[in-house]
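Just coords_35.txt here, compact mmCIF, N, CA and C atoms:
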```
# COMPACT_ATOMS: atom_id res chain seq x y z
N MET A 29 0.83 -1.19 0.00
CA MET A 29 0.00 0.00 0.00
C MET A 29 0.87 1.26 0.00
N ARG A 30 1.96 1.25 0.75
CA ARG A 30 2.83 2.42 0.81
C ARG A 30 3.52 2.66 -0.53
N LYS A 31 3.87 1.58 -1.23
CA LYS A 31 4.51 1.73 -2.53
C LYS A 31 3.56 2.41 -3.52
N ILE A 32 2.31 2.01 -3.51
CA ILE A 32 1.32 2.60 -4.42
C ILE A 32 1.15 4.08 -4.10
N LEU A 33 1.06 4.43 -2.84
CA LEU A 33 0.91 5.82 -2.44
C LEU A 33 2.15 6.63 -2.84
N TYR A 34 3.33 6.08 -2.60
CA TYR A 34 4.58 6.75 -2.94
C TYR A 34 4.70 6.97 -4.45
N ILE A 35 4.38 5.97 -5.24
CA ILE A 35 4.44 6.08 -6.70
C ILE A 35 3.43 7.11 -7.20
N SER A 36 2.23 7.09 -6.64
CA SER A 36 1.20 8.05 -7.05
C SER A 36 1.64 9.48 -6.76
N LEU A 37 2.20 9.72 -5.60
CA LEU A 37 2.66 11.06 -5.25
C LEU A 37 3.80 11.52 -6.17
N CYS A 38 4.72 10.63 -6.46
CA CYS A 38 5.82 10.96 -7.36
C CYS A 38 5.30 11.33 -8.75
N MET A 39 4.36 10.57 -9.26
CA MET A 39 3.80 10.86 -10.58
C MET A 39 3.05 12.18 -10.58
N LEU A 40 2.35 12.48 -9.51
CA LEU A 40 1.62 13.74 -9.40
C LEU A 40 2.58 14.92 -9.42
N PHE A 41 3.67 14.86 -8.67
CA PHE A 41 4.66 15.93 -8.64
C PHE A 41 5.33 16.11 -10.00
N MET A 42 5.65 15.01 -10.67
CA MET A 42 6.29 15.10 -11.98
C MET A 42 5.34 15.72 -13.01
N ALA A 43 4.09 15.31 -12.98
CA ALA A 43 3.11 15.85 -13.93
C ALA A 43 2.92 17.35 -13.71
N THR A 44 2.89 17.78 -12.47
CA THR A 44 2.75 19.20 -12.16
C THR A 44 3.96 19.98 -12.64
N ALA A 45 5.14 19.46 -12.44
CA ALA A 45 6.36 20.15 -12.85
C ALA A 45 6.41 20.30 -14.37
N PHE A 46 6.09 19.26 -15.12
CA PHE A 46 6.13 19.33 -16.57
C PHE A 46 5.07 20.29 -17.10
N THR A 47 3.89 20.30 -16.49
CA THR A 47 2.82 21.18 -16.94
C THR A 47 3.18 22.63 -16.72
N SER A 48 3.72 22.97 -15.56
CA SER A 48 4.06 24.37 -15.29
C SER A 48 5.17 24.86 -16.20
N CYS A 49 6.13 24.06 -16.53
CA CYS A 49 7.20 24.45 -17.45
C CYS A 49 6.65 24.69 -18.85
N ARG A 50 5.75 23.85 -19.28
CA ARG A 50 5.19 23.98 -20.61
C ARG A 50 4.41 25.28 -20.75
N GLU A 51 3.62 25.66 -19.76
CA GLU A 51 2.83 26.88 -19.83
C GLU A 51 3.72 28.10 -19.92
N THR A 52 4.81 28.14 -19.19
CA THR A 52 5.73 29.27 -19.23
C THR A 52 6.32 29.42 -20.62
N LYS A 53 6.72 28.33 -21.24
CA LYS A 53 7.31 28.38 -22.57
C LYS A 53 6.29 28.86 -23.59
N GLU A 54 5.03 28.47 -23.46
CA GLU A 54 4.00 28.91 -24.38
C GLU A 54 3.81 30.42 -24.30
N GLU A 55 3.85 31.00 -23.09
CA GLU A 55 3.71 32.44 -22.95
C GLU A 55 4.86 33.16 -23.65
N GLU A 56 6.08 32.68 -23.47
CA GLU A 56 7.23 33.30 -24.11
C GLU A 56 7.11 33.22 -25.63
N MET A 57 6.69 32.09 -26.12
CA MET A 57 6.54 31.93 -27.56
C MET A 57 5.47 32.89 -28.07
N THR A 58 4.40 33.08 -27.33
CA THR A 58 3.34 33.97 -27.76
C THR A 58 3.85 35.40 -27.86
N ALA A 59 4.64 35.86 -26.90
CA ALA A 59 5.19 37.21 -26.92
C ALA A 59 6.13 37.39 -28.11
N GLU A 60 7.00 36.40 -28.35
CA GLU A 60 7.92 36.48 -29.48
C GLU A 60 7.17 36.48 -30.81
N GLU A 61 6.16 35.64 -30.93
CA GLU A 61 5.38 35.58 -32.16
C GLU A 61 4.63 36.88 -32.38
N LEU A 62 4.16 37.49 -31.29
CA LEU A 62 3.44 38.75 -31.39
C LEU A 62 4.36 39.86 -31.88
N VAL A 63 5.59 39.89 -31.40
CA VAL A 63 6.56 40.89 -31.86
C VAL A 63 6.84 40.70 -33.35
N GLU A 64 7.04 39.46 -33.77
CA GLU A 64 7.29 39.19 -35.20
C GLU A 64 6.10 39.59 -36.06
N GLU A 65 4.89 39.32 -35.58
CA GLU A 65 3.68 39.67 -36.32
C GLU A 65 3.57 41.18 -36.48
N MET A 66 3.83 41.92 -35.41
CA MET A 66 3.73 43.37 -35.46
C MET A 66 4.82 43.96 -36.36
N GLU A 67 6.03 43.37 -36.35
CA GLU A 67 7.10 43.82 -37.25
C GLU A 67 6.68 43.63 -38.70
N ALA A 68 6.03 42.52 -38.99
CA ALA A 68 5.59 42.22 -40.35
C ALA A 68 4.52 43.22 -40.80
N GLU A 69 3.73 43.73 -39.86
CA GLU A 69 2.69 44.70 -40.19
C GLU A 69 3.25 46.11 -40.31
N GLY A 70 4.54 46.28 -40.01
CA GLY A 70 5.18 47.59 -40.13
C GLY A 70 4.92 48.48 -38.92
N ALA A 71 4.85 47.90 -37.75
CA ALA A 71 4.55 48.65 -36.53
C ALA A 71 5.75 49.48 -36.07
N GLU A 72 5.44 50.59 -35.40
CA GLU A 72 6.47 51.40 -34.75
C GLU A 72 6.76 50.74 -33.41
N ILE A 73 8.02 50.37 -33.17
CA ILE A 73 8.38 49.61 -31.98
C ILE A 73 9.30 50.43 -31.10
N LYS A 74 8.93 50.52 -29.80
CA LYS A 74 9.75 51.20 -28.82
C LYS A 74 10.07 50.21 -27.71
N LYS A 75 11.35 50.15 -27.33
CA LYS A 75 11.79 49.21 -26.30
C LYS A 75 12.52 49.97 -25.20
N LYS A 76 12.15 49.68 -23.95
CA LYS A 76 12.77 50.33 -22.80
C LYS A 76 13.23 49.26 -21.82
N VAL A 77 14.51 49.33 -21.39
CA VAL A 77 15.06 48.34 -20.47
C VAL A 77 15.57 49.05 -19.22
N ASP A 78 15.07 48.64 -18.06
CA ASP A 78 15.52 49.14 -16.75
C ASP A 78 15.84 47.95 -15.88
N ASP A 79 17.11 47.74 -15.57
CA ASP A 79 17.57 46.63 -14.73
C ASP A 79 16.97 45.31 -15.19
N ASP A 80 16.00 44.76 -14.43
CA ASP A 80 15.40 43.46 -14.76
C ASP A 80 14.01 43.62 -15.38
N GLU A 81 13.65 44.84 -15.78
CA GLU A 81 12.34 45.11 -16.34
C GLU A 81 12.47 45.56 -17.79
N THR A 82 11.68 44.95 -18.67
CA THR A 82 11.69 45.31 -20.09
C THR A 82 10.28 45.65 -20.53
N LYS A 83 10.15 46.79 -21.21
CA LYS A 83 8.85 47.20 -21.75
C LYS A 83 8.97 47.38 -23.25
N ILE A 84 8.03 46.79 -23.98
CA ILE A 84 8.00 46.92 -25.44
C ILE A 84 6.63 47.46 -25.82
N LYS A 85 6.61 48.54 -26.59
CA LYS A 85 5.36 49.13 -27.05
C LYS A 85 5.39 49.15 -28.57
N MET A 86 4.35 48.57 -29.19
CA MET A 86 4.27 48.49 -30.64
C MET A 86 2.93 49.06 -31.09
N GLU A 87 2.96 49.89 -32.15
CA GLU A 87 1.74 50.52 -32.63
C GLU A 87 1.63 50.44 -34.15
N THR A 88 0.42 50.14 -34.60
CA THR A 88 0.05 50.31 -36.00
C THR A 88 -1.18 51.21 -35.99
N GLU A 89 -1.77 51.44 -37.15
CA GLU A 89 -2.95 52.30 -37.21
C GLU A 89 -4.14 51.72 -36.44
N ASN A 90 -4.27 50.40 -36.43
CA ASN A 90 -5.45 49.76 -35.84
C ASN A 90 -5.16 48.96 -34.58
N LYS A 91 -3.91 48.84 -34.18
CA LYS A 91 -3.57 47.94 -33.09
C LYS A 91 -2.43 48.51 -32.25
N GLU A 92 -2.57 48.36 -30.91
CA GLU A 92 -1.52 48.77 -29.99
C GLU A 92 -1.24 47.61 -29.04
N VAL A 93 0.03 47.23 -28.93
CA VAL A 93 0.43 46.10 -28.10
C VAL A 93 1.51 46.55 -27.13
N LYS A 94 1.33 46.19 -25.85
CA LYS A 94 2.33 46.47 -24.83
C LYS A 94 2.73 45.16 -24.16
N ILE A 95 4.04 44.94 -24.05
CA ILE A 95 4.57 43.74 -23.40
C ILE A 95 5.50 44.20 -22.29
N LYS A 96 5.22 43.75 -21.08
CA LYS A 96 6.06 44.08 -19.93
C LYS A 96 6.60 42.77 -19.35
N THR A 97 7.93 42.67 -19.27
CA THR A 97 8.57 41.48 -18.73
C THR A 97 9.36 41.88 -17.50
N GLU A 98 9.04 41.23 -16.38
CA GLU A 98 9.73 41.51 -15.12
C GLU A 98 9.91 40.21 -14.36
N ASP A 99 11.12 39.93 -13.93
CA ASP A 99 11.45 38.71 -13.18
C ASP A 99 11.01 37.46 -13.91
N GLY A 100 11.12 37.44 -15.23
CA GLY A 100 10.78 36.25 -16.00
C GLY A 100 9.30 36.09 -16.31
N GLU A 101 8.46 37.01 -15.85
CA GLU A 101 7.02 36.94 -16.11
C GLU A 101 6.64 38.01 -17.13
N SER A 102 5.84 37.62 -18.11
CA SER A 102 5.42 38.55 -19.16
C SER A 102 3.95 38.89 -19.01
N LYS A 103 3.65 40.17 -19.20
CA LYS A 103 2.27 40.65 -19.23
C LYS A 103 2.05 41.29 -20.58
N ILE A 104 0.98 40.88 -21.26
CA ILE A 104 0.71 41.37 -22.61
C ILE A 104 -0.65 42.07 -22.62
N LYS A 105 -0.67 43.29 -23.18
CA LYS A 105 -1.92 44.04 -23.34
C LYS A 105 -2.08 44.36 -24.82
N ILE A 106 -3.25 44.03 -25.36
CA ILE A 106 -3.53 44.27 -26.77
C ILE A 106 -4.78 45.14 -26.87
N LYS A 107 -4.65 46.26 -27.58
CA LYS A 107 -5.78 47.16 -27.79
C LYS A 107 -6.00 47.30 -29.29
N THR A 108 -7.21 46.96 -29.75
CA THR A 108 -7.54 47.03 -31.16
C THR A 108 -8.62 48.09 -31.37
N GLU A 109 -8.40 48.95 -32.37
CA GLU A 109 -9.39 49.97 -32.69
C GLU A 109 -10.26 49.46 -33.84
N ASN A 110 -11.57 49.51 -33.65
CA ASN A 110 -12.49 49.10 -34.70
C ASN A 110 -13.00 50.34 -35.42
N ASP A 111 -12.76 50.42 -36.72
CA ASP A 111 -13.21 51.56 -37.52
C ASP A 111 -14.56 51.27 -38.13
N ASP A 112 -15.60 51.93 -37.63
CA ASP A 112 -16.95 51.78 -38.17
C ASP A 112 -17.32 53.08 -38.87
N ALA A 113 -17.03 53.17 -40.16
CA ALA A 113 -17.27 54.41 -40.88
C ALA A 113 -18.59 54.39 -41.57
```

Kindly transcribe the structure held in the file into structure tokens.
Amino acid sequence: MRKILYISLCMLFMATAFTSCRETKEEEMTAEELVEEMEAEGAEIKKKVDDDETKIKMETENKEVKIKTEDGESKIKIKTENDDA
């Protein structure tokens, strides 16, 4: 009985560790892909670096994207303007 409990706990910890690593990598990939997409659209890009904090602001006529990275965590804000003429 103890072996089954021990094995179950080990598998649970391993599954949690792999899942959390995967989610972090997906966020980083999303930020990088977003920067590439905005560059392809011809966006004006401004980058500011202070110690361990990085801010990237990208603008096109219809879209504004802000990416803030601090201590390895990224926050992404996307603002889209809808033109109803």

Take atom N of Asp78 in chain A and atom C of Val63 in chain A and report the distance between them in Å, one decimal.
-> 19.1 Å

State, in Å with one decimal place, the distance from CA of Lys103 in chain A to atom C of Glu60 in chain A.
->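 For CA of Lys103 in chain A relative to atom C of Glu60 in chain A, the distance reads 13.2 Å.
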
Distance in Å - CA of Ile106 in chain A versus CA of Val93 in chain A | 4.6 Å

DSSP strand (DSSP E or B) residues within chain A, as a PyMOL selection string = chain A and resi 72-78+81-87+91-98+101-108

Just the alpha helix (DSSP H) stuff from chain A, please, per backbone DSSP, written as an MDAnalysis selection string.
-> chainID A and resid 30:68

Which residues, written as a short mmCIF file (atom, residue, chain, number, x, y, z; two decimals) with N, CA and C atoms, keeping the file's coordinate frame, have at least one atom at most 6.5 Å from Ile73 in chain A, with all atoms listed in the file counted and residues fewer than 2 positions away on the same chain left out?
```cif
data_model
loop_
_atom_site.label_atom_id
_atom_site.label_comp_id
_atom_site.auth_asym_id
_atom_site.auth_seq_id
_atom_site.Cartn_x
_atom_site.Cartn_y
_atom_site.Cartn_z
N ALA A 71 4.85 47.90 -37.75
CA ALA A 71 4.55 48.65 -36.53
C ALA A 71 5.75 49.48 -36.07
N LYS A 75 11.35 50.15 -27.33
CA LYS A 75 11.79 49.21 -26.30
C LYS A 75 12.52 49.97 -25.20
N LYS A 85 6.61 48.54 -26.59
CA LYS A 85 5.36 49.13 -27.05
C LYS A 85 5.39 49.15 -28.57
N MET A 86 4.35 48.57 -29.19
CA MET A 86 4.27 48.49 -30.64
C MET A 86 2.93 49.06 -31.09
N GLU A 87 2.96 49.89 -32.15
CA GLU A 87 1.74 50.52 -32.63
C GLU A 87 1.63 50.44 -34.15
#
```

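In terms of minimum interatomic distance to Ala59 in chain A, A:Ile95 ranks closest within A:Ile95, A:Lys107, A:Ile32, A:Asn90, counting only N, CA and C atoms.
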
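Nearest residue to Asp79 in chain A among A:Glu98, A:Thr108, A:Arg30, A:Leu37 is A:Glu98, counting only C-alpha atoms.
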
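Excluding Thr97 in chain A itself and any same-chain residue fewer than 6 positions from it, the protein and nucleic acid residues within 6 Å of it, counting all atoms listed in the file, are Asp80, Glu81, Thr82, Lys83 and Lys103 of chain A.
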